[in-house]
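J.: Got a file for you: final-v7.cif, mmCIF, C-alpha atoms and all ligand atoms.
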```cif
data_entry
#
loop_
_atom_site.label_atom_id
_atom_site.label_comp_id
_atom_site.auth_asym_id
_atom_site.auth_seq_id
_atom_site.Cartn_x
_atom_site.Cartn_y
_atom_site.Cartn_z
CA MET A 1 69.74 86.28 75.07
CA ALA A 2 69.75 84.11 78.20
CA ARG A 3 67.56 85.43 81.00
CA PRO A 4 68.20 89.00 82.24
CA LEU A 5 70.28 89.13 85.41
CA LYS A 6 69.96 91.06 88.65
CA ILE A 7 73.35 92.60 89.32
CA GLY A 8 74.70 94.61 92.25
CA ILE A 9 77.52 97.00 91.30
CA THR A 10 79.93 98.55 93.79
CA CYS A 11 82.65 101.03 92.86
CA TYR A 12 84.27 104.17 94.21
CA PRO A 13 81.44 106.42 92.99
CA THR A 14 83.47 109.61 92.86
CA LEU A 15 86.74 108.20 91.55
CA GLY A 16 87.97 108.84 87.99
CA GLY A 17 88.23 106.06 85.47
CA SER A 18 87.06 103.10 87.54
CA GLY A 19 83.94 104.95 88.70
CA VAL A 20 83.19 105.99 85.11
CA VAL A 21 83.65 102.47 83.72
CA ALA A 22 81.54 100.85 86.47
CA THR A 23 78.73 103.37 86.04
CA GLU A 24 78.69 103.33 82.25
CA LEU A 25 78.73 99.52 82.30
CA GLY A 26 75.74 99.50 84.66
CA LYS A 27 73.83 101.89 82.38
CA LEU A 28 74.57 99.83 79.27
CA LEU A 29 73.56 96.58 81.00
CA ALA A 30 70.32 98.21 82.14
CA GLU A 31 69.60 99.25 78.54
CA LYS A 32 70.02 95.60 77.56
CA GLY A 33 67.33 94.57 80.06
CA HIS A 34 69.37 93.57 83.14
CA GLU A 35 68.35 94.94 86.53
CA ILE A 36 71.18 96.98 88.03
CA HIS A 37 71.55 97.89 91.70
CA PHE A 38 74.33 100.34 92.55
CA ILE A 39 75.46 99.82 96.16
CA THR A 40 77.75 102.74 97.02
CA HIS A 41 78.25 105.47 99.62
CA SER A 42 77.04 108.20 97.25
CA ILE A 43 75.41 108.40 93.84
CA PRO A 44 77.97 107.61 91.11
CA PHE A 45 78.74 110.94 89.44
CA ARG A 46 78.05 109.66 85.95
CA LEU A 47 74.68 108.07 86.79
CA GLY A 48 72.74 111.05 85.46
CA LYS A 49 69.01 111.12 85.06
CA PHE A 50 66.50 108.41 85.89
CA GLN A 51 66.89 105.31 83.79
CA ARG A 52 64.75 102.19 83.62
CA ASN A 53 66.20 99.11 85.40
CA ILE A 54 68.62 101.13 87.54
CA PHE A 55 68.37 101.37 91.33
CA TYR A 56 70.59 103.02 93.89
CA HIS A 57 71.18 101.81 97.44
CA GLU A 58 73.11 104.13 99.72
CA VAL A 59 75.54 102.65 102.23
CA GLU A 60 75.05 104.45 105.50
CA ILE A 61 78.02 104.67 107.79
CA ASN A 62 77.40 103.52 111.34
CA ASP A 63 79.00 106.20 113.51
CA TYR A 64 78.24 104.54 116.86
CA TYR A 65 80.25 106.28 119.61
CA VAL A 66 82.45 103.28 120.52
CA PHE A 67 83.95 103.28 117.04
CA ARG A 68 87.08 105.35 116.76
CA TYR A 69 86.88 104.82 112.98
CA PRO A 70 83.38 104.19 111.55
CA PRO A 71 83.62 100.75 109.85
CA TYR A 72 82.58 101.61 106.29
CA ASP A 73 83.66 98.22 104.95
CA LEU A 74 81.38 96.33 107.32
CA SER A 75 78.46 98.64 106.57
CA LEU A 76 79.05 98.02 102.86
CA ALA A 77 79.21 94.23 103.30
CA SER A 78 75.96 94.26 105.32
CA LYS A 79 74.26 96.46 102.72
CA MET A 80 75.41 94.18 99.91
CA ALA A 81 73.97 91.15 101.71
CA GLN A 82 70.73 92.98 102.53
CA VAL A 83 70.22 94.18 98.93
CA ALA A 84 71.17 90.75 97.56
CA LYS A 85 68.51 89.06 99.73
CA MET A 86 65.77 91.67 99.27
CA GLN A 87 66.24 92.03 95.52
CA ASN A 88 67.20 88.44 94.86
CA LEU A 89 70.45 89.42 93.17
CA ASP A 90 72.26 86.91 90.99
CA LEU A 91 75.66 88.46 91.45
CA LEU A 92 77.75 91.28 92.79
CA HIS A 93 80.19 92.95 90.41
CA VAL A 94 82.72 94.94 92.41
CA HIS A 95 85.40 97.31 91.13
CA TYR A 96 88.63 97.19 93.15
CA ALA A 97 89.80 94.30 95.30
CA VAL A 98 90.22 96.42 98.43
CA PRO A 99 87.88 96.69 100.13
CA HIS A 100 85.14 95.79 97.67
CA ALA A 101 86.06 92.19 96.84
CA ILE A 102 86.46 91.48 100.56
CA CYS A 103 83.05 93.03 101.29
CA ALA A 104 81.51 90.94 98.50
CA TYR A 105 83.09 87.83 100.02
CA LEU A 106 81.56 88.67 103.42
CA ALA A 107 78.19 89.33 101.79
CA LYS A 108 78.35 85.95 100.10
CA GLN A 109 78.98 84.29 103.48
CA MET A 110 75.78 85.95 104.75
CA VAL A 111 73.65 85.18 101.67
CA GLY A 112 74.89 81.81 100.48
CA GLU A 113 76.89 80.23 97.65
CA GLU A 114 74.18 81.05 95.12
CA LEU A 115 75.30 84.70 95.17
CA LYS A 116 78.17 84.96 92.68
CA THR A 117 80.89 87.61 92.81
CA VAL A 118 82.92 89.20 90.01
CA THR A 119 85.86 91.51 90.77
CA THR A 120 87.38 93.95 88.30
CA LEU A 121 90.92 95.13 89.00
CA HIS A 122 91.68 98.66 87.85
CA GLY A 123 95.32 99.10 88.77
CA THR A 124 95.94 101.12 91.86
CA ASP A 125 94.75 98.22 94.02
CA ILE A 126 97.53 96.09 92.55
CA THR A 127 100.29 98.48 91.46
CA VAL A 128 100.21 100.44 94.72
CA LEU A 129 98.41 98.47 97.43
CA ALA A 130 99.88 95.08 96.58
CA GLN A 131 103.36 96.50 97.21
CA ASP A 132 102.35 96.80 100.86
CA GLU A 133 103.20 93.46 102.53
CA SER A 134 100.54 94.00 105.20
CA LEU A 135 97.77 94.14 102.58
CA LYS A 136 99.00 91.43 100.22
CA ASP A 137 97.19 88.54 101.92
CA LEU A 138 93.96 90.52 102.05
CA ILE A 139 94.09 91.35 98.33
CA ARG A 140 94.97 87.72 97.56
CA LEU A 141 91.95 86.58 99.59
CA GLY A 142 89.63 88.94 97.69
CA ILE A 143 90.97 87.72 94.36
CA HIS A 144 90.88 84.02 95.22
CA GLN A 145 87.37 84.14 96.66
CA SER A 146 85.81 85.90 93.65
CA ASP A 147 83.98 83.65 91.22
CA ALA A 148 85.61 85.57 88.38
CA VAL A 149 88.29 88.23 88.26
CA THR A 150 88.80 90.61 85.39
CA ALA A 151 91.52 93.19 84.75
CA VAL A 152 91.60 96.12 82.37
CA SER A 153 94.86 95.26 80.57
CA ARG A 154 97.23 92.36 79.91
CA ASP A 155 99.90 94.29 81.75
CA LEU A 156 97.72 94.46 84.86
CA ILE A 157 97.05 90.71 84.67
CA ARG A 158 100.80 90.07 84.46
CA GLU A 159 101.54 92.42 87.34
CA THR A 160 98.79 90.93 89.53
CA GLN A 161 100.03 87.40 88.95
CA GLU A 162 103.66 88.39 89.59
CA LEU A 163 103.18 90.65 92.61
CA LEU A 164 100.67 88.45 94.38
CA ASP A 165 101.93 85.11 93.15
CA ILE A 166 98.49 84.24 91.83
CA GLU A 167 97.85 81.52 89.30
CA ARG A 168 94.10 81.65 88.98
CA PRO A 169 92.82 82.77 85.57
CA ILE A 170 92.05 86.46 85.18
CA ASP A 171 89.85 87.59 82.29
CA LEU A 172 90.98 90.50 80.16
CA THR A 173 88.21 93.08 79.78
CA TYR A 174 89.54 96.31 78.32
CA ASN A 175 87.87 99.54 79.29
CA PHE A 176 85.44 100.96 76.75
CA VAL A 177 83.83 104.21 75.67
CA ASP A 178 80.25 104.79 74.66
CA LYS A 179 80.43 105.88 71.03
CA ARG A 180 77.22 107.89 71.49
CA ILE A 181 79.04 110.15 73.98
CA TYR A 182 82.63 110.17 72.71
CA TYR A 183 82.90 111.27 69.08
CA PRO A 184 84.63 114.19 67.32
CA ARG A 185 82.64 117.33 68.12
CA GLU A 186 82.58 120.62 66.25
CA CYS A 187 83.93 123.23 68.65
CA ILE A 188 85.29 126.12 66.61
CA GLY A 189 83.54 128.71 68.82
CA LEU A 190 84.84 127.26 72.09
CA ARG A 191 88.29 126.73 70.62
CA SER A 192 88.63 130.43 69.82
CA GLU A 193 88.30 131.18 73.56
CA PHE A 194 91.58 129.37 74.22
CA ALA A 195 93.67 129.62 71.08
CA SER A 196 93.98 131.65 67.90
CA PRO A 197 93.52 129.82 64.56
CA ASP A 198 97.27 129.40 64.04
CA GLU A 199 97.85 127.86 67.48
CA LYS A 200 97.71 124.13 68.31
CA ILE A 201 96.05 122.88 71.48
CA MET A 202 97.69 120.29 73.72
CA MET A 203 95.64 118.84 76.58
CA HIS A 204 96.14 116.84 79.75
CA ILE A 205 93.32 115.44 81.88
CA SER A 206 93.95 113.72 85.21
CA ASN A 207 93.54 113.73 88.96
CA PHE A 208 96.97 115.40 89.31
CA ARG A 209 98.43 112.61 91.43
CA PRO A 210 102.24 112.24 91.35
CA VAL A 211 101.96 109.07 89.17
CA LYS A 212 100.51 111.20 86.38
CA ARG A 213 103.82 113.15 86.05
CA VAL A 214 102.07 116.41 85.22
CA GLY A 215 105.46 118.13 85.46
CA ASP A 216 106.44 116.17 82.32
CA VAL A 217 103.31 117.50 80.60
CA VAL A 218 104.56 121.03 81.22
CA ASP A 219 108.11 120.17 80.06
CA VAL A 220 106.82 118.60 76.83
CA PHE A 221 104.60 121.61 76.21
CA ALA A 222 107.48 124.05 76.85
CA LYS A 223 109.65 122.25 74.28
CA VAL A 224 106.86 122.12 71.70
CA SER A 225 105.87 125.75 72.11
CA GLU A 226 109.47 126.83 71.43
CA LYS A 227 108.99 125.49 67.90
CA ILE A 228 105.30 125.97 67.11
CA PRO A 229 102.57 128.29 68.43
CA ALA A 230 100.59 126.29 70.98
CA LYS A 231 98.41 126.42 74.07
CA LEU A 232 98.13 123.89 76.90
CA LEU A 233 94.77 123.09 78.51
CA LEU A 234 94.96 121.36 81.90
CA VAL A 235 91.79 119.65 83.08
CA GLY A 236 91.35 118.25 86.59
CA GLU A 237 92.50 118.85 90.13
CA GLY A 238 94.57 117.02 92.69
CA PRO A 239 97.54 117.04 95.04
CA GLU A 240 100.10 118.21 92.44
CA LEU A 241 98.05 121.14 91.16
CA SER A 242 99.70 123.96 93.12
CA ARG A 243 103.23 122.65 92.43
CA ILE A 244 102.35 122.65 88.73
CA GLN A 245 100.96 126.18 88.93
CA TRP A 246 104.28 127.32 90.45
CA LYS A 247 106.27 125.48 87.80
CA ILE A 248 104.28 127.15 85.03
CA GLN A 249 104.90 130.58 86.59
CA ALA A 250 108.58 129.86 87.08
CA MET A 251 108.93 128.84 83.42
CA GLY A 252 107.06 131.95 82.28
CA LEU A 253 104.36 129.90 80.56
CA GLN A 254 101.33 131.31 82.38
CA ASP A 255 99.95 133.11 79.31
CA ARG A 256 100.00 129.91 77.31
CA VAL A 257 98.38 127.57 79.84
CA HIS A 258 94.70 127.42 80.77
CA PHE A 259 93.43 125.58 83.84
CA LEU A 260 89.91 124.28 83.25
CA GLY A 261 89.52 122.67 86.70
CA LYS A 262 87.52 119.53 87.34
CA GLN A 263 85.05 118.67 84.57
CA ASP A 264 82.42 115.94 84.98
CA ASP A 265 81.74 115.72 81.26
CA VAL A 266 85.12 115.64 79.51
CA ALA A 267 83.50 114.56 76.22
CA GLN A 268 82.60 118.23 75.79
CA VAL A 269 86.19 119.45 75.89
CA ILE A 270 88.36 116.68 74.42
CA SER A 271 87.57 117.65 70.83
CA LEU A 272 89.26 121.00 71.48
CA ALA A 273 92.62 119.24 71.56
CA ASP A 274 95.04 118.46 68.74
CA VAL A 275 96.93 116.05 71.00
CA MET A 276 96.41 114.52 74.43
CA LEU A 277 99.41 114.13 76.75
CA LEU A 278 99.66 111.14 79.12
CA PRO A 279 103.24 110.73 80.39
CA SER A 280 102.27 108.64 83.48
CA GLU A 281 104.63 106.68 85.68
CA LYS A 282 101.98 104.01 86.23
CA GLU A 283 98.80 103.45 84.25
CA SER A 284 97.00 100.12 84.11
CA PHE A 285 94.97 101.34 81.12
CA GLY A 286 94.67 105.14 80.74
CA LEU A 287 90.96 105.71 80.10
CA VAL A 288 91.52 109.33 79.07
CA ALA A 289 93.67 108.19 76.12
CA LEU A 290 90.76 106.04 74.98
CA GLU A 291 88.28 108.89 75.40
CA ALA A 292 90.61 111.05 73.30
CA MET A 293 91.03 108.28 70.71
CA ALA A 294 87.25 108.00 70.33
CA CYS A 295 87.17 111.76 69.61
CA GLY A 296 89.93 111.37 66.98
CA VAL A 297 92.58 112.96 69.21
CA PRO A 298 95.96 111.15 69.23
CA THR A 299 97.80 110.60 72.52
CA ILE A 300 101.47 111.22 73.11
CA GLY A 301 102.58 109.55 76.29
CA SER A 302 104.72 107.08 78.14
CA GLN A 303 105.07 103.34 77.67
CA ALA A 304 103.87 102.70 81.25
CA GLY A 305 101.65 99.74 82.13
CA GLY A 306 98.77 99.13 79.76
CA ILE A 307 99.16 102.31 77.67
CA PRO A 308 100.90 100.46 74.79
CA GLU A 309 97.93 98.04 74.56
CA LEU A 310 95.66 100.99 74.01
CA VAL A 311 97.73 103.48 72.01
CA ALA A 312 99.19 101.78 68.93
CA HIS A 313 102.59 103.47 68.67
CA GLY A 314 103.04 105.16 65.29
CA GLU A 315 99.41 104.52 64.33
CA THR A 316 97.12 106.18 66.85
CA GLY A 317 99.73 108.12 68.81
CA TYR A 318 103.33 107.99 69.97
CA LEU A 319 104.89 106.54 73.11
CA ALA A 320 108.29 107.15 74.71
CA PRO A 321 110.04 105.79 77.81
CA ILE A 322 108.76 107.25 81.10
CA GLY A 323 110.35 110.68 81.65
CA ASP A 324 111.71 111.11 78.10
CA THR A 325 110.07 114.47 77.55
CA ALA A 326 112.47 115.36 74.69
CA LEU A 327 111.28 112.39 72.63
CA MET A 328 107.63 113.06 73.48
CA ALA A 329 108.09 116.69 72.35
CA ASP A 330 109.74 115.54 69.08
CA TYR A 331 106.77 113.28 68.37
CA ALA A 332 104.33 116.08 69.15
CA ILE A 333 106.15 118.56 66.89
CA ARG A 334 106.21 116.04 64.02
CA LEU A 335 102.50 115.37 64.38
CA LEU A 336 101.40 118.98 64.86
CA ARG A 337 103.48 120.30 61.97
CA ASP A 338 102.10 117.81 59.47
CA PRO A 339 98.32 118.14 58.92
CA VAL A 340 98.26 115.14 56.55
CA LEU A 341 99.92 112.89 59.14
CA HIS A 342 97.62 114.28 61.84
CA GLY A 343 94.59 113.47 59.66
CA VAL A 344 95.75 109.89 59.08
CA VAL A 345 96.49 109.28 62.77
CA SER A 346 93.20 110.85 63.81
CA LYS A 347 91.28 108.58 61.44
CA ALA A 348 93.15 105.54 62.77
CA CYS A 349 92.16 106.62 66.29
CA LEU A 350 88.45 106.56 65.42
CA GLN A 351 88.75 103.18 63.73
CA ARG A 352 90.62 101.59 66.67
CA ALA A 353 88.31 103.04 69.35
CA ARG A 354 85.18 101.93 67.48
CA THR A 355 86.37 98.37 66.92
CA MET A 356 88.63 97.24 69.79
CA PHE A 357 87.16 99.32 72.62
CA CYS A 358 83.55 99.66 71.59
CA ASN A 359 80.88 99.59 74.31
CA ASP A 360 78.87 96.82 72.59
CA LEU A 361 81.85 94.48 72.45
CA ILE A 362 83.06 94.95 76.02
CA THR A 363 79.55 94.85 77.53
CA ALA A 364 79.00 91.52 75.78
CA GLU A 365 82.29 90.24 77.24
CA TYR A 366 81.15 91.12 80.76
CA GLU A 367 77.78 89.45 80.14
CA SER A 368 79.44 86.24 79.05
CA ILE A 369 81.55 86.25 82.23
CA TYR A 370 78.37 86.74 84.31
CA TYR A 371 76.61 83.84 82.57
CA ARG A 372 79.69 81.66 82.95
CA VAL A 373 79.86 82.13 86.74
CA MET A 374 76.11 81.56 86.94
CA GLY A 375 76.50 78.32 85.00
CA ILE A 376 74.13 79.57 82.28
CA ASP A 377 75.14 78.90 78.64
O1 LIG B 401 94.50 106.73 87.80
C1 LIG B 401 93.91 107.01 88.82
O2 LIG B 401 94.44 107.64 89.69
C2 LIG B 401 92.46 106.62 89.06
C3 LIG B 401 92.21 105.15 88.88
C4 LIG B 401 90.72 104.86 89.04
O3 LIG B 401 90.38 104.07 89.90
O4 LIG B 401 89.93 105.39 88.28
O5 LIG B 401 92.58 104.75 87.57
C5 LIG B 401 92.82 103.37 87.36
O6 LIG B 401 91.68 102.79 86.72
C6 LIG B 401 91.36 103.36 85.43
C7 LIG B 401 90.10 102.66 84.91
O7 LIG B 401 90.31 101.31 84.70
C8 LIG B 401 92.54 103.18 84.48
O8 LIG B 401 92.23 103.78 83.22
C9 LIG B 401 93.80 103.85 85.07
O9 LIG B 401 94.90 103.58 84.23
C10 LIG B 401 94.07 103.29 86.47
N1 LIG B 401 95.14 104.06 87.11
C11 LIG B 401 96.35 103.56 87.35
O10 LIG B 401 96.69 102.42 87.06
C12 LIG B 401 97.33 104.50 88.01
#
```
With the file now loaded, output its structure as structure tokens.

T.:
Amino acid sequence: MARPLKIGITCYPTLGGSGVVATELGKLLAEKGHEIHFITHSIPFRLGKFQRNIFYHEVEINDYYVFRYPPYDLSLASKMAQVAKMQNLDLLHVHYAVPHAICAYLAKQMVGEELKTVTTLHGTDITVLAQDESLKDLIRLGIHQSDAVTAVSRDLIRETQELLDIERPIDLTYNFVDKRIYYPRECIGLRSEFASPDEKIMMHISNFRPVKRVGDVVDVFAKVSEKIPAKLLLVGEGPELSRIQWKIQAMGLQDRVHFLGKQDDVAQVISLADVMLLPSEKESFGLVALEAMACGVPTIGSQAGGIPELVAHGETGYLAPIGDTALMADYAIRLLRDPVLHGVVSKACLQRARTMFCNDLITAEYESIYYRVMGID
């Protein structure tokens, strides 16, 4: 291996998929001998116990009385520059263009050209923020000023180039799962708390934002449970939660739905499921479908964004047009009624997760991008 690097990582430490990917990547790089410095406003929730080569630098917000809004972005940029100088960082790897790529750009102005910057796009920054004309130029600046830009699906690369009229190359780096954490787990005891042996378990995990279309999850489940005995486990919390609770009551499904709330360690519960539901409106990747795949659980979902790059339709799950809950339910019924088919699809899930989205492969891809921007072969 070329020399170990000193890398600063900034992400939204408490945010779903992007926070998980950034933190797990940092941990894996540290295991490989790189020195990792997380620069965030709070400890990333997946960081866990002490690990060699990992350091955490907290961004303190300057709440000076003249500020109507404390300038978090400027505090972050200053902290990045300070850590880069003190620790002699080689590069900053930031997750999300806004504000992180802009902060990294400012830090580079303070430190010097030798500090390289890598930005990973996760979706919402492009699919939502880039629709806002007032932010477009800022996002474009962040992307153009990064030494390398990566995105988590081909669809996100296409959308970024189209929406922002950007021609610069963007590297494809799919999200990954750590195979030591995500694998099929034996959970007969826990399963019996939610379902009887003849019942199937359907699951949905998200932050319950409107783009996740959790209402469609309930509609699919209602259609499936008319035909086969089933339970629905809902994991997570968010703005749509109470509307969904009302919908479940109104449809008379309350005895068949369990709310598990927010779970930090979803690897513990995914193996309970026979299928995962992901009917999103927008999804640059859909990390939860990969986590399910690595546990041998097929996903039934929509064809939004990058989901079709992850879920191989007819092989590791089934995808329907956004909002087509009847077709999603048909697929689910077919899969849940046929244990042989379910076994084949489940096996294909494990194979695909362990080859295409394996932690070793994707970590190596990030390393080669780092060495490329550093000019090291
Ligand atoms: O989906 C969310 O609301 C959270 C967001 C995030 O920052 O974690 O998810 C985005 O990044 C994930 C990790 O790369 C992707 O798996 C999600 O598909 C993506 N969400 C959207 O594109 C809506």

J.: What gap, in Å, lies between CA of His258 (chain A) and CA of Glu226 (chain A)?

T.: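 Here the two named atoms are 17.5 Å from each other.
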
J.: If you take all atoms listed in the file and a cut-off of 12 Å, which residues of region 325-355 of chain A touch region 198-210 of chain A, and what are their nearest atom pairs and distances in Å to one decimal, in chain and number order, as JSON lines?

T.:
```
{"residue": "A:Ala329", "atom": "CA", "partner": "A:Met202", "partner_atom": "CA", "distance": 11.1}
{"residue": "A:Ala332", "atom": "CA", "partner": "A:Met202", "partner_atom": "CA", "distance": 9.1}
{"residue": "A:Ile333", "atom": "CA", "partner": "A:Lys200", "partner_atom": "CA", "distance": 10.2}
{"residue": "A:Leu335", "atom": "CA", "partner": "A:Lys200", "partner_atom": "CA", "distance": 10.7}
{"residue": "A:Leu336", "atom": "CA", "partner": "A:Lys200", "partner_atom": "CA", "distance": 7.2}
{"residue": "A:Arg337", "atom": "CA", "partner": "A:Lys200", "partner_atom": "CA", "distance": 9.4}
{"residue": "A:Asp338", "atom": "CA", "partner": "A:Lys200", "partner_atom": "CA", "distance": 11.7}
{"residue": "A:Pro339", "atom": "CA", "partner": "A:Lys200", "partner_atom": "CA", "distance": 11.2}
{"residue": "A:His342", "atom": "CA", "partner": "A:Lys200", "partner_atom": "CA", "distance": 11.8}
```

J.: Output as JSON lines one row per residue of chain A within 10 Å of ligand LIG 401 (chain B): the closest atom pair and its distance in Å to one decimal place, counting only C-alpha atoms and all ligand atoms, sorted by chain and residue number ascending.

T.:
```
{"residue": "A:Cys11", "atom": "CA", "partner": "B:LIG401", "partner_atom": "O3", "distance": 8.8}
{"residue": "A:Tyr12", "atom": "CA", "partner": "B:LIG401", "partner_atom": "O3", "distance": 7.5}
{"residue": "A:Pro13", "atom": "CA", "partner": "B:LIG401", "partner_atom": "O3", "distance": 9.7}
{"residue": "A:Thr14", "atom": "CA", "partner": "B:LIG401", "partner_atom": "O4", "distance": 9.0}
{"residue": "A:Leu15", "atom": "CA", "partner": "B:LIG401", "partner_atom": "O4", "distance": 5.4}
{"residue": "A:Gly16", "atom": "CA", "partner": "B:LIG401", "partner_atom": "O4", "distance": 4.0}
{"residue": "A:Gly17", "atom": "CA", "partner": "B:LIG401", "partner_atom": "O4", "distance": 3.4}
{"residue": "A:Ser18", "atom": "CA", "partner": "B:LIG401", "partner_atom": "O4", "distance": 3.7}
{"residue": "A:Gly19", "atom": "CA", "partner": "B:LIG401", "partner_atom": "O4", "distance": 6.0}
{"residue": "A:Val20", "atom": "CA", "partner": "B:LIG401", "partner_atom": "O4", "distance": 7.5}
{"residue": "A:Val21", "atom": "CA", "partner": "B:LIG401", "partner_atom": "C7", "distance": 6.6}
{"residue": "A:Ala22", "atom": "CA", "partner": "B:LIG401", "partner_atom": "C7", "distance": 8.9}
{"residue": "A:His95", "atom": "CA", "partner": "B:LIG401", "partner_atom": "O3", "distance": 8.5}
{"residue": "A:Tyr96", "atom": "CA", "partner": "B:LIG401", "partner_atom": "O3", "distance": 7.8}
{"residue": "A:Thr120", "atom": "CA", "partner": "B:LIG401", "partner_atom": "O7", "distance": 8.7}
{"residue": "A:Leu121", "atom": "CA", "partner": "B:LIG401", "partner_atom": "O7", "distance": 7.6}
{"residue": "A:His122", "atom": "CA", "partner": "B:LIG401", "partner_atom": "O6", "distance": 4.3}
{"residue": "A:Gly123", "atom": "CA", "partner": "B:LIG401", "partner_atom": "O10", "distance": 4.0}
{"residue": "A:Thr124", "atom": "CA", "partner": "B:LIG401", "partner_atom": "O10", "distance": 5.0}
{"residue": "A:Asp125", "atom": "CA", "partner": "B:LIG401", "partner_atom": "O10", "distance": 8.4}
{"residue": "A:Ile126", "atom": "CA", "partner": "B:LIG401", "partner_atom": "O10", "distance": 8.4}
{"residue": "A:Thr127", "atom": "CA", "partner": "B:LIG401", "partner_atom": "O10", "distance": 6.9}
{"residue": "A:Val128", "atom": "CA", "partner": "B:LIG401", "partner_atom": "C12", "distance": 8.4}
{"residue": "A:Ala151", "atom": "CA", "partner": "B:LIG401", "partner_atom": "O7", "distance": 8.2}
{"residue": "A:Val152", "atom": "CA", "partner": "B:LIG401", "partner_atom": "O7", "distance": 5.8}
{"residue": "A:Ser153", "atom": "CA", "partner": "B:LIG401", "partner_atom": "O7", "distance": 8.6}
{"residue": "A:Leu156", "atom": "CA", "partner": "B:LIG401", "partner_atom": "O10", "distance": 8.3}
{"residue": "A:Thr173", "atom": "CA", "partner": "B:LIG401", "partner_atom": "O7", "distance": 9.8}
{"residue": "A:Tyr174", "atom": "CA", "partner": "B:LIG401", "partner_atom": "O7", "distance": 8.1}
{"residue": "A:Asn175", "atom": "CA", "partner": "B:LIG401", "partner_atom": "O7", "distance": 6.2}
{"residue": "A:Phe176", "atom": "CA", "partner": "B:LIG401", "partner_atom": "O7", "distance": 9.3}
{"residue": "A:Ser206", "atom": "CA", "partner": "B:LIG401", "partner_atom": "O1", "distance": 7.5}
{"residue": "A:Asn207", "atom": "CA", "partner": "B:LIG401", "partner_atom": "O2", "distance": 6.2}
{"residue": "A:Phe208", "atom": "CA", "partner": "B:LIG401", "partner_atom": "O2", "distance": 8.2}
{"residue": "A:Arg209", "atom": "CA", "partner": "B:LIG401", "partner_atom": "O2", "distance": 6.6}
{"residue": "A:Pro210", "atom": "CA", "partner": "B:LIG401", "partner_atom": "O2", "distance": 9.2}
{"residue": "A:Val211", "atom": "CA", "partner": "B:LIG401", "partner_atom": "C12", "distance": 6.6}
{"residue": "A:Lys212", "atom": "CA", "partner": "B:LIG401", "partner_atom": "C12", "distance": 7.6}
{"residue": "A:Gly238", "atom": "CA", "partner": "B:LIG401", "partner_atom": "O2", "distance": 9.8}
{"residue": "A:Ser280", "atom": "CA", "partner": "B:LIG401", "partner_atom": "C12", "distance": 7.9}
{"residue": "A:Glu281", "atom": "CA", "partner": "B:LIG401", "partner_atom": "C12", "distance": 8.0}
{"residue": "A:Lys282", "atom": "CA", "partner": "B:LIG401", "partner_atom": "C12", "distance": 5.0}
{"residue": "A:Glu283", "atom": "CA", "partner": "B:LIG401", "partner_atom": "O10", "distance": 3.7}
{"residue": "A:Ser284", "atom": "CA", "partner": "B:LIG401", "partner_atom": "O10", "distance": 3.8}
{"residue": "A:Phe285", "atom": "CA", "partner": "B:LIG401", "partner_atom": "O9", "distance": 3.8}
{"residue": "A:Gly286", "atom": "CA", "partner": "B:LIG401", "partner_atom": "O8", "distance": 3.7}
{"residue": "A:Leu287", "atom": "CA", "partner": "B:LIG401", "partner_atom": "O8", "distance": 3.9}
{"residue": "A:Val288", "atom": "CA", "partner": "B:LIG401", "partner_atom": "O8", "distance": 7.0}
{"residue": "A:Ala289", "atom": "CA", "partner": "B:LIG401", "partner_atom": "O8", "distance": 8.5}
{"residue": "A:Leu290", "atom": "CA", "partner": "B:LIG401", "partner_atom": "O8", "distance": 8.7}
{"residue": "A:Ala304", "atom": "CA", "partner": "B:LIG401", "partner_atom": "O10", "distance": 9.2}
{"residue": "A:Gly305", "atom": "CA", "partner": "B:LIG401", "partner_atom": "O10", "distance": 7.5}
{"residue": "A:Gly306", "atom": "CA", "partner": "B:LIG401", "partner_atom": "O9", "distance": 7.4}
{"residue": "A:Ile307", "atom": "CA", "partner": "B:LIG401", "partner_atom": "O9", "distance": 7.9}
```

J.: Please work out which residues fall within 10 Å of (79.8, 91.9, 101.8), coordinates as given in the file, with all atoms listed in the file counting, and return them as number ranges by chain.

T.: A: 73-82, 84, 92, 99-111

J.: Using Å and a single decimal, report how far CA of Val275 (chain A) sits from CA of Pro321 (chain A).

T.: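 Distance reported for this atom pair: 18.0 Å.
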
J.: Report the distance between CA of Ser225 (chain A) and CA of Tyr183 (chain A) in Å, rounded to one decimal place.

T.: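 Computing the Euclidean distance for CA of Ser225 (chain A) and CA of Tyr183 (chain A) yields 27.3 Å.
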
J.: So which residues touch Phe221 (chain A) within 12 Å, counting all atoms listed in the file, skipping near sequence neighbours fewer than 5 positions away, as a ChimeraX atom specification?

T.: /A:200-204,214-216,226-234,248,251,253-254,256-257,275-279,300,325-333

J.: Within 8 Å of Ile43 (chain A), counting all atoms listed in the file, which residues qualify if same-chain residues fewer than 4 places away don't, as a count of residues only?

T.: 4

J.: Would you kindly return, as a PDB file with C-alpha atoms, in the frame of the given file, each protein, DNA or RNA residue with an atom no farther than 9 Å from any atom of region 161-163 of chain A, considering only C-alpha atoms and excluding same-chain residues fewer than 3 positions away?

T.:
```
ATOM      1  CA  ILE A 126      97.530  96.090  92.550  1.00  0.00           C
ATOM      2  CA  THR A 127     100.290  98.480  91.460  1.00  0.00           C
ATOM      3  CA  ALA A 130      99.880  95.080  96.580  1.00  0.00           C
ATOM      4  CA  GLN A 131     103.360  96.500  97.210  1.00  0.00           C
ATOM      5  CA  LYS A 136      99.000  91.430 100.220  1.00  0.00           C
ATOM      6  CA  LEU A 156      97.720  94.460  84.860  1.00  0.00           C
ATOM      7  CA  ILE A 157      97.050  90.710  84.670  1.00  0.00           C
ATOM      8  CA  ARG A 158     100.800  90.070  84.460  1.00  0.00           C
ATOM      9  CA  ILE A 166      98.490  84.240  91.830  1.00  0.00           C
ATOM     10  CA  GLU A 167      97.850  81.520  89.300  1.00  0.00           C
ATOM     11  CA  ARG A 168      94.100  81.650  88.980  1.00  0.00           C
ATOM     12  CA  ILE A 170      92.050  86.460  85.180  1.00  0.00           C
TER      13      ILE A 170
END
```
